[in-house]
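Novice: This is the structure, below, for whatever I ask next.
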2 protein chains.
Amino acid sequence: MPRTIAERADVLPVLGELFRRHGYEGASLAVIAKATGLGKGSLYNFFPGGKEEMAAAVLTNVEEWFETNLFTPLFAVTDRVGAVAAVAAMVTAVDTYFRSGRRMCLVGVFALGDVRDPFADRIQGYFQRWIDGLAHALARCGHDPADARGIAEEVVAGIQGALVTARATDDPALFTRVLDRLRRRCGVPE
Amino acid sequence: MPRTIAERADVLPVLGELFRRHGYEGASLAVIAKATGLGKGSLYNFFPGGKEEMAAAVLTNVEEWFETNLFTPLFAVTDRVGAVAAVAAMVTAVDTYFRSGRRMCLVGVFALGDVRDPFADRIQGYFQRWIDGLAHALARCGHDPADARGIAEEVVAGIQGALVTARATDDPALFTRVLDRLRRRCGVPE
DNA sequence: CCCAGATTGTACCGTTCGGTCAACTTTGGA
DNA sequence: TCCAAAGTTGACCGAACGGTACAATCTGGG
């Protein structure tokens with residue numbers, strides 16, 4: 001059997017950055033072909049379903065990363081010390097993942113575009129699971145359970161909004177500043 | 001001179017809702033023609049510059065509304081009582097304007113799409129002026145000036161994020177809940 | 001009533017879109 | 001070494017894009 005020059009997994013990060021930067025509609029196949037260095041034929045070899053399968057694959061990639069690095073740890077906490085550490089780790093991971101405000105949230109971008117419709121359930125699940133996981137951890141941090149959910153909604157929404165606002169004002173540092181305030185809102189020091 | 005059947009001002013709200021719902025790229029001329037009930041000829045009679053002029057006109061409309069109803073009142077405050085009232089009025093106006101989370105922020109949608117480039121300065125100005133005005137009013141509310149700016153960034157970003165998250169989770173009530181928390185963050189009761 | 005001119009619907013333009021396909025290149029086992 | 005299979009390419013397709021041209025229609029002052 002012939003060996004694959006480029007793996008499907010190799011183009012996923014490139015696709016992700018293109019969708020982040022240009023949105024789903026804005027990332028045309030011509031742009032994708034140029035950025036990946038692959039012809040349209042190769043792209044359809046990797047993604048027979050076309051552009052929508054590319055978006056689905058990238059979305060799966062993002063979901064897995066968040067599930068592994070953020071959601072699962074948040075849900076796994078049992079004691080107060082572990083919960084505080086998990087929330088602190090989440091904030092650090094978020095800052096790293098979004099490159100301190102220089103990277104956009106792919107799920108958020110999809111949520112605002114016309115491509116939302118075919119992925120509505122997955123987009124909803126991403127945010128819901130983030131809020132649920134954070135609310136669970138915050139409750140273990142000692143917050144009143146009802147208030148924990150409110151804080152979780154405020155923090156997840158705040159992260160999204162900080163990304164949008166940082167991009168809109170071309171001021172990535174705004175993301176870091178807001179994220180720092182949200183971290184303190186969770187009662188997590190440092 | 002002949003009378004205009006439809007005024008240019010009449011189609012602006014329709015254009016606004018289309019851009020909000022579908023984004024700039026997603027709102028094709030065919031969709032716009034159908035939604036407004038106007039042919040392409042009429043649209044180009046109103047907006048000789050085409051789709052980009054439509055977006056620019058809608059953007060101007062939004063800017064003016066926010067300038068009149070939000071930014072100017074925020075900047076105008078001098079005493080503490082007035083400042084608290086202005087911030088409270090802002091929160092109320094925001095909830096009304098965004099239909100309690102059922103309406104998207106047009107500037108935020110533009111900020112994330114490919115159309116951001118030609119409007120980058122206006123998008124930046126919109127958010128910057130909102131943050132500046134709110135920071136000014138919050139300082140008059142009694143907050144430490146440096147902290148007032150931090151709160152303002154957190155609140156404006158939080159509003160944006162709450163809109164995105166509410167749409168993503170198809171849960172408009174989330175917007176109202178987060179907005180209520182942000183209001184209390186400003187130290188404004190009721 | 002009438003007509004200059006503003007407004008309108010629509011056929012049409014070139015371009016670009018996502019997607020297809022047959023020819024060509026590369027691959028690894030026989 | 002050779003070949004069947006897998007991978008790759010770029011020309012090509014119909015559809016839809018934004019935009020233009022223009023003939024038909026409506027308007028209101030004279």
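Residue numbering restarts at 1 in every chain; chains get A, B, ... in the order shown in the structure tokens, and ligands count up from 1 in that same order.
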So that I can see what lies close to range 145-152 of chain B, please list as an MDAnalysis selection string the residues with an atom at most 6 Å from it, counting only C-alpha atoms (C1' of nucleotides) and leaving out residues fewer than 6 positions away in the same chain.
Specialist: chainID B and resid 131 134:135 138:139
Novice: Can I get the selection written as an mmCIF file, in the first residue's frame, with N, CA and C atoms?
Specialist:
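Written out: out-v7.cif:
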data_model
loop_
_atom_site.group_PDB
_atom_site.id
_atom_site.type_symbol
_atom_site.label_atom_id
_atom_site.label_comp_id
_atom_site.auth_asym_id
_atom_site.auth_seq_id
_atom_site.Cartn_x
_atom_site.Cartn_y
_atom_site.Cartn_z
ATOM 1 N N ILE B 131 -16.192 51.062 26.106
ATOM 2 C CA ILE B 131 -15.362 50.819 27.294
ATOM 3 C C ILE B 131 -14.989 52.145 27.955
ATOM 4 N N LEU B 134 -18.075 53.723 29.689
ATOM 5 C CA LEU B 134 -18.458 52.986 30.898
ATOM 6 C C LEU B 134 -17.413 53.193 32.001
ATOM 7 N N ALA B 135 -16.139 53.205 31.624
ATOM 8 C CA ALA B 135 -15.077 53.432 32.615
ATOM 9 C C ALA B 135 -15.226 54.816 33.241
ATOM 10 N N LEU B 138 -18.183 54.669 35.605
ATOM 11 C CA LEU B 138 -17.887 53.842 36.783
ATOM 12 C C LEU B 138 -16.954 54.578 37.741
ATOM 13 N N ALA B 139 -16.034 55.351 37.180
ATOM 14 C CA ALA B 139 -15.147 56.141 38.043
ATOM 15 C C ALA B 139 -15.969 57.144 38.842
#
Novice: Using only C-alpha atoms (C1' of nucleotides), determine which residues lie at most 12 Å from DG14 in chain C, disregarding the query and same-chain residues fewer than 2 positions distant; provide the list as a list in words.
Specialist: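 Everything that qualifies: DC12 and DT16 of chain C; DC17, DG18, DG19 and DT20 of chain D.
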Novice: Those residues with all heavy atoms, as a compact mmCIF listing (two decimals), in the first residue's frame please?
Specialist:
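The file below, out37.txt, is the result:
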# COMPACT_ATOMS: atom_id res chain seq x y z
P DC C 12 -31.20 37.22 -21.36
OP1 DC C 12 -31.28 37.35 -22.82
OP2 DC C 12 -31.44 35.91 -20.70
O5' DC C 12 -29.76 37.73 -20.90
C5' DC C 12 -29.37 39.08 -21.19
C4' DC C 12 -28.18 39.45 -20.37
O4' DC C 12 -28.56 39.57 -18.98
C3' DC C 12 -27.02 38.44 -20.39
O3' DC C 12 -25.95 38.96 -21.17
C2' DC C 12 -26.64 38.27 -18.92
C1' DC C 12 -27.39 39.40 -18.22
N1 DC C 12 -27.77 39.10 -16.80
C2 DC C 12 -27.16 39.81 -15.77
O2 DC C 12 -26.32 40.67 -16.05
N3 DC C 12 -27.50 39.54 -14.49
C4 DC C 12 -28.41 38.60 -14.23
N4 DC C 12 -28.71 38.37 -12.95
C5 DC C 12 -29.05 37.86 -15.26
C6 DC C 12 -28.70 38.13 -16.53
P DT C 16 -12.09 36.32 -9.45
OP1 DT C 16 -11.35 37.29 -8.61
OP2 DT C 16 -11.39 35.53 -10.49
O5' DT C 16 -12.83 35.30 -8.47
C5' DT C 16 -13.83 35.81 -7.58
C4' DT C 16 -14.66 34.67 -7.03
O4' DT C 16 -15.54 34.15 -8.06
C3' DT C 16 -13.83 33.47 -6.53
O3' DT C 16 -14.18 33.20 -5.19
C2' DT C 16 -14.24 32.34 -7.49
C1' DT C 16 -15.65 32.77 -7.89
N1 DT C 16 -16.15 32.19 -9.17
C2 DT C 16 -17.38 31.57 -9.18
O2 DT C 16 -18.08 31.46 -8.20
N3 DT C 16 -17.75 31.08 -10.41
C4 DT C 16 -17.03 31.15 -11.60
O4 DT C 16 -17.48 30.68 -12.64
C5 DT C 16 -15.75 31.82 -11.50
C7 DT C 16 -14.89 31.94 -12.73
C6 DT C 16 -15.38 32.30 -10.31
P DC D 17 -26.27 32.98 -3.84
OP1 DC D 17 -26.51 32.85 -2.40
OP2 DC D 17 -27.37 33.35 -4.77
O5' DC D 17 -25.07 33.99 -4.05
C5' DC D 17 -23.80 33.70 -3.46
C4' DC D 17 -22.73 34.55 -4.11
O4' DC D 17 -22.53 34.11 -5.46
C3' DC D 17 -23.10 36.02 -4.26
O3' DC D 17 -22.80 36.71 -3.06
C2' DC D 17 -22.20 36.47 -5.40
C1' DC D 17 -22.00 35.18 -6.22
N1 DC D 17 -22.69 35.18 -7.55
C2 DC D 17 -22.03 35.67 -8.67
O2 DC D 17 -20.88 36.13 -8.55
N3 DC D 17 -22.66 35.64 -9.87
C4 DC D 17 -23.90 35.14 -9.95
N4 DC D 17 -24.48 35.12 -11.15
C5 DC D 17 -24.58 34.64 -8.81
C6 DC D 17 -23.95 34.69 -7.65
P DG D 18 -23.55 38.03 -2.71
OP1 DG D 18 -23.31 38.32 -1.28
OP2 DG D 18 -24.93 37.92 -3.22
O5' DG D 18 -22.79 39.11 -3.59
C5' DG D 18 -21.40 39.29 -3.40
C4' DG D 18 -20.86 40.21 -4.46
O4' DG D 18 -21.14 39.65 -5.77
C3' DG D 18 -21.49 41.61 -4.46
O3' DG D 18 -20.49 42.58 -4.74
C2' DG D 18 -22.54 41.51 -5.56
C1' DG D 18 -21.87 40.58 -6.55
N9 DG D 18 -22.83 39.83 -7.36
C8 DG D 18 -23.92 39.13 -6.90
N7 DG D 18 -24.60 38.57 -7.86
C5 DG D 18 -23.93 38.90 -9.01
C6 DG D 18 -24.20 38.58 -10.37
O6 DG D 18 -25.13 37.90 -10.82
N1 DG D 18 -23.25 39.13 -11.24
C2 DG D 18 -22.18 39.89 -10.84
N2 DG D 18 -21.37 40.34 -11.81
N3 DG D 18 -21.91 40.20 -9.58
C4 DG D 18 -22.82 39.67 -8.73
P DG D 19 -20.91 44.15 -4.78
OP1 DG D 19 -19.71 44.94 -4.47
OP2 DG D 19 -22.14 44.34 -4.00
O5' DG D 19 -21.24 44.38 -6.33
C5' DG D 19 -20.23 44.10 -7.29
C4' DG D 19 -20.78 44.29 -8.70
O4' DG D 19 -21.74 43.26 -8.98
C3' DG D 19 -21.50 45.63 -8.95
O3' DG D 19 -20.82 46.32 -10.00
C2' DG D 19 -22.91 45.24 -9.34
C1' DG D 19 -22.71 43.81 -9.84
N9 DG D 19 -23.91 42.98 -9.77
C8 DG D 19 -24.61 42.61 -8.64
N7 DG D 19 -25.64 41.85 -8.89
C5 DG D 19 -25.63 41.70 -10.28
C6 DG D 19 -26.51 40.99 -11.13
O6 DG D 19 -27.50 40.33 -10.84
N1 DG D 19 -26.13 41.11 -12.46
C2 DG D 19 -25.05 41.84 -12.92
N2 DG D 19 -24.85 41.83 -14.23
N3 DG D 19 -24.22 42.50 -12.13
C4 DG D 19 -24.57 42.39 -10.84
P DT D 20 -21.32 47.75 -10.50
OP1 DT D 20 -20.13 48.56 -10.83
OP2 DT D 20 -22.33 48.25 -9.55
O5' DT D 20 -22.05 47.39 -11.86
C5' DT D 20 -21.35 46.63 -12.84
C4' DT D 20 -22.16 46.54 -14.11
O4' DT D 20 -23.26 45.62 -13.92
C3' DT D 20 -22.79 47.87 -14.57
O3' DT D 20 -22.50 48.04 -15.94
C2' DT D 20 -24.28 47.70 -14.27
C1' DT D 20 -24.46 46.19 -14.40
N1 DT D 20 -25.57 45.60 -13.58
C2 DT D 20 -26.52 44.83 -14.19
O2 DT D 20 -26.52 44.61 -15.39
N3 DT D 20 -27.47 44.32 -13.35
C4 DT D 20 -27.56 44.50 -11.98
O4 DT D 20 -28.48 43.99 -11.33
C5 DT D 20 -26.54 45.32 -11.40
C7 DT D 20 -26.55 45.59 -9.93
C6 DT D 20 -25.59 45.83 -12.22
Novice: What residues in chain B get the DSSP label helix (DSSP H, G or I)? Please answer as an NGL selection string.
Specialist: :B and (8-26 or 29-36 or 40-46 or 51-76 or 80-97 or 99-101 or 106-112 or 114-140 or 145-168 or 172-185)
Novice: State, in Å with one decimal place, the distance from CA of Phe19 in chain B to CA of Asp180 in chain B.
Specialist: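 We find that CA of Phe19 in chain B and CA of Asp180 in chain B lie 27.1 Å from each other.
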Novice: Can you tell me which residues surround range 119-126 of chain B at a distance of at most 6 Å, considering only C-alpha atoms (C1' of nucleotides), apart from same-chain residues fewer than 3 positions away, and format the answer as a count of residues only?
Specialist: 4
Novice: Residues of chain C near chain A: apply a cut-off of 9 Å, count only C-alpha atoms (C1' of nucleotides), and supply the list as an NGL selection string.
Specialist: :C and (17-20 or 26-29)
Novice: Please, what distance in Å, to one decimal, runs between CA of Thr165 in chain A and CA of Ala157 in chain B?
Specialist: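 We find that CA of Thr165 in chain A and CA of Ala157 in chain B lie 5.9 Å from each other.
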Novice: Pick out the chain B residues within 10 Å of chain A. Count only C-alpha atoms. Give them as a compact mmCIF listing (two decimals) with N, CA and C atoms, in the first residue's frame.
Specialist:
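Printed below is part-v3.txt as written:
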# COMPACT_ATOMS: atom_id res chain seq x y z
N PHE B 19 -27.83 40.87 8.42
CA PHE B 19 -26.40 40.77 8.72
C PHE B 19 -26.19 40.12 10.08
N ARG B 20 -27.05 40.45 11.02
CA ARG B 20 -26.95 39.85 12.35
C ARG B 20 -27.13 38.34 12.29
N ARG B 21 -28.13 37.93 11.52
CA ARG B 21 -28.51 36.51 11.51
C ARG B 21 -27.57 35.68 10.65
N HIS B 22 -27.18 36.21 9.49
CA HIS B 22 -26.42 35.40 8.54
C HIS B 22 -24.97 35.82 8.41
N GLY B 23 -24.58 36.93 9.04
CA GLY B 23 -23.24 37.45 8.82
C GLY B 23 -23.16 38.18 7.49
N TYR B 24 -22.04 38.85 7.26
CA TYR B 24 -21.91 39.64 6.04
C TYR B 24 -21.87 38.74 4.80
N GLU B 25 -21.03 37.73 4.83
CA GLU B 25 -20.92 36.84 3.66
C GLU B 25 -22.21 36.05 3.47
N GLY B 26 -22.83 35.64 4.56
CA GLY B 26 -24.01 34.80 4.45
C GLY B 26 -25.25 35.51 3.93
N ALA B 27 -25.27 36.84 4.09
CA ALA B 27 -26.41 37.61 3.60
C ALA B 27 -26.17 37.97 2.14
N MET B 104 -28.40 39.42 17.97
CA MET B 104 -26.96 39.40 18.01
C MET B 104 -26.41 40.82 17.86
N CYS B 105 -25.14 41.00 18.29
CA CYS B 105 -24.49 42.30 18.12
C CYS B 105 -23.87 42.36 16.73
N VAL B 107 -21.91 44.56 15.34
CA VAL B 107 -20.48 44.91 15.32
C VAL B 107 -19.64 43.70 15.70
N GLY B 108 -20.11 42.93 16.66
CA GLY B 108 -19.40 41.72 17.05
C GLY B 108 -19.37 40.71 15.91
N VAL B 109 -20.48 40.57 15.22
CA VAL B 109 -20.54 39.65 14.08
C VAL B 109 -19.55 40.09 13.00
N PHE B 110 -19.54 41.38 12.71
CA PHE B 110 -18.60 41.90 11.71
C PHE B 110 -17.16 41.71 12.17
N ALA B 111 -16.93 41.85 13.47
CA ALA B 111 -15.56 41.75 13.98
C ALA B 111 -14.96 40.37 13.76
N LEU B 112 -15.83 39.35 13.69
CA LEU B 112 -15.33 37.98 13.55
C LEU B 112 -15.27 37.51 12.11
N GLY B 113 -15.91 38.22 11.19
CA GLY B 113 -15.93 37.77 9.81
C GLY B 113 -14.81 38.37 8.98
N ASP B 114 -14.79 38.00 7.72
CA ASP B 114 -13.79 38.53 6.80
C ASP B 114 -14.04 40.00 6.50
N VAL B 115 -15.25 40.48 6.76
CA VAL B 115 -15.59 41.86 6.48
C VAL B 115 -14.96 42.81 7.51
N ARG B 116 -14.32 42.24 8.53
CA ARG B 116 -13.69 43.06 9.56
C ARG B 116 -12.69 44.04 8.95
N ALA B 120 -12.35 47.82 10.13
CA ALA B 120 -11.58 47.57 11.36
C ALA B 120 -11.58 48.77 12.29
N ASP B 121 -11.38 49.96 11.74
CA ASP B 121 -11.28 51.14 12.59
C ASP B 121 -12.61 51.48 13.25
N ARG B 122 -13.70 51.30 12.51
CA ARG B 122 -15.01 51.62 13.08
C ARG B 122 -15.40 50.59 14.14
N ILE B 123 -15.07 49.33 13.88
CA ILE B 123 -15.35 48.28 14.87
C ILE B 123 -14.56 48.56 16.14
N GLN B 124 -13.29 48.90 15.96
CA GLN B 124 -12.45 49.21 17.11
C GLN B 124 -13.01 50.40 17.88
N GLY B 125 -13.44 51.43 17.14
CA GLY B 125 -13.98 52.62 17.79
C GLY B 125 -15.22 52.35 18.60
N TYR B 126 -16.08 51.50 18.06
CA TYR B 126 -17.32 51.14 18.77
C TYR B 126 -17.01 50.56 20.13
N PHE B 127 -16.17 49.56 20.20
CA PHE B 127 -15.85 48.91 21.48
C PHE B 127 -15.06 49.84 22.39
N GLN B 128 -14.13 50.56 21.79
CA GLN B 128 -13.28 51.44 22.59
C GLN B 128 -14.12 52.52 23.26
N GLY B 150 -10.96 48.40 34.33
CA GLY B 150 -10.99 46.94 34.35
C GLY B 150 -12.40 46.40 34.38
N ILE B 151 -13.23 47.00 35.21
CA ILE B 151 -14.64 46.57 35.26
C ILE B 151 -15.31 46.82 33.92
N ALA B 152 -15.04 47.99 33.34
CA ALA B 152 -15.67 48.33 32.05
C ALA B 152 -15.30 47.30 30.99
N GLU B 153 -14.03 46.94 30.92
CA GLU B 153 -13.61 45.93 29.95
C GLU B 153 -14.32 44.61 30.22
N GLU B 154 -14.40 44.25 31.49
CA GLU B 154 -15.04 42.99 31.85
C GLU B 154 -16.52 43.00 31.47
N VAL B 155 -17.18 44.12 31.68
CA VAL B 155 -18.62 44.20 31.42
C VAL B 155 -18.91 44.19 29.92
N VAL B 156 -18.18 45.02 29.17
CA VAL B 156 -18.41 45.06 27.72
C VAL B 156 -18.09 43.71 27.10
N ALA B 157 -16.97 43.12 27.49
CA ALA B 157 -16.64 41.79 26.98
C ALA B 157 -17.68 40.78 27.43
N GLY B 158 -18.14 40.91 28.67
CA GLY B 158 -19.14 39.98 29.17
C GLY B 158 -20.44 40.05 28.40
N ILE B 159 -20.84 41.24 28.02
CA ILE B 159 -22.06 41.41 27.23
C ILE B 159 -21.90 40.71 25.89
N GLN B 160 -20.78 40.98 25.23
CA GLN B 160 -20.53 40.32 23.94
C GLN B 160 -20.55 38.81 24.09
N GLY B 161 -19.81 38.33 25.07
CA GLY B 161 -19.73 36.89 25.26
C GLY B 161 -21.05 36.27 25.62
N ALA B 162 -21.84 37.00 26.41
CA ALA B 162 -23.15 36.48 26.79
C ALA B 162 -24.04 36.34 25.56
N LEU B 163 -23.93 37.29 24.63
CA LEU B 163 -24.70 37.20 23.40
C LEU B 163 -24.27 35.97 22.59
N VAL B 164 -22.97 35.80 22.45
CA VAL B 164 -22.46 34.66 21.69
C VAL B 164 -22.89 33.35 22.35
N THR B 165 -22.70 33.28 23.66
CA THR B 165 -23.01 32.04 24.38
C THR B 165 -24.50 31.75 24.37
N ALA B 166 -25.31 32.81 24.51
CA ALA B 166 -26.76 32.62 24.48
C ALA B 166 -27.20 32.08 23.13
N ARG B 167 -26.60 32.61 22.07
CA ARG B 167 -26.95 32.12 20.74
C ARG B 167 -26.44 30.70 20.54
N ALA B 168 -25.21 30.46 20.99
CA ALA B 168 -24.61 29.14 20.79
C ALA B 168 -25.41 28.06 21.51
N THR B 169 -25.87 28.36 22.72
CA THR B 169 -26.60 27.36 23.49
C THR B 169 -28.10 27.44 23.24
N ASP B 170 -28.51 28.38 22.38
CA ASP B 170 -29.93 28.57 22.08
C ASP B 170 -30.71 28.81 23.38
N ASP B 171 -30.12 29.62 24.25
CA ASP B 171 -30.70 29.88 25.57
C ASP B 171 -30.63 31.37 25.86
N LEU B 174 -29.85 32.96 29.25
CA LEU B 174 -28.48 33.04 29.75
C LEU B 174 -27.97 34.47 29.67
N PHE B 175 -28.33 35.15 28.60
CA PHE B 175 -27.90 36.56 28.45
C PHE B 175 -28.42 37.41 29.59
N ARG B 177 -29.34 36.45 32.57
CA ARG B 177 -28.68 36.08 33.83
C ARG B 177 -27.29 36.70 33.94
N VAL B 178 -26.50 36.58 32.87
CA VAL B 178 -25.14 37.13 32.91
C VAL B 178 -25.19 38.66 33.01
N LEU B 179 -26.11 39.26 32.26
CA LEU B 179 -26.22 40.72 32.30
C LEU B 179 -26.55 41.20 33.72
N ASP B 180 -27.37 40.43 34.40
CA ASP B 180 -27.73 40.80 35.77
C ASP B 180 -26.51 40.74 36.68
N ARG B 181 -25.69 39.73 36.47
CA ARG B 181 -24.46 39.64 37.27
C ARG B 181 -23.52 40.80 36.95
N LEU B 182 -23.43 41.17 35.69
CA LEU B 182 -22.54 42.27 35.30
C LEU B 182 -23.03 43.59 35.89
Novice: I want to know what sits within 10 Å of DT9 in chain D, based on only C-alpha atoms (C1' of nucleotides), with residues of the same chain fewer than 5 positions away left out; could you give that as a compact mmCIF listing (two decimals) with C-alpha atoms (C1' of nucleotides), in the first residue's frame?
Specialist:
# COMPACT_ATOMS: atom_id res chain seq x y z
CA LEU A 38 -2.66 20.58 -1.42
CA GLY A 39 -4.72 20.46 -4.58
CA LYS A 40 -8.47 20.24 -4.40
CA GLY A 41 -8.28 16.58 -5.34
CA SER A 42 -6.07 15.77 -2.36
C1' DA C 23 -4.78 11.55 -16.36
C1' DC C 24 -0.54 11.36 -14.04
C1' DT C 25 2.80 10.25 -10.15
Novice: Only residues of chain D matter here; which ones have an atom within 9 Å of chain A, counting only C-alpha atoms (C1' of nucleotides)? Give them as a list in words.
Specialist: DA5, DA6, DG7, DT8, DT9 and DG10 of chain D
Novice: For Val81 in chain A, list every protein, DNA or RNA residue within 8 Å, evaluated using only C-alpha atoms (C1' of nucleotides), and leave out those in the same chain fewer than 3 positions away; present the list as a list of chain:residue names.
Specialist: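 Residues meeting the cut-off are A:Val84, A:Ala85, A:Cys141.
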Novice: List the spatial neighbours of Val14 in chain A as a PyMOL selection string - criterion: any atom at most 9 Å away, only C-alpha atoms (C1' of nucleotides), same-chain residues fewer than 4 positions off excluded.
Specialist: chain A and resi 10+18-19+32+35-36
Novice: For a test of reading the model, state the distance in Å between CA of Asp79 in chain A and CA of Val94 in chain A, rounded to one decimal.
Specialist: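 Distance reported for this atom pair: 22.4 Å.
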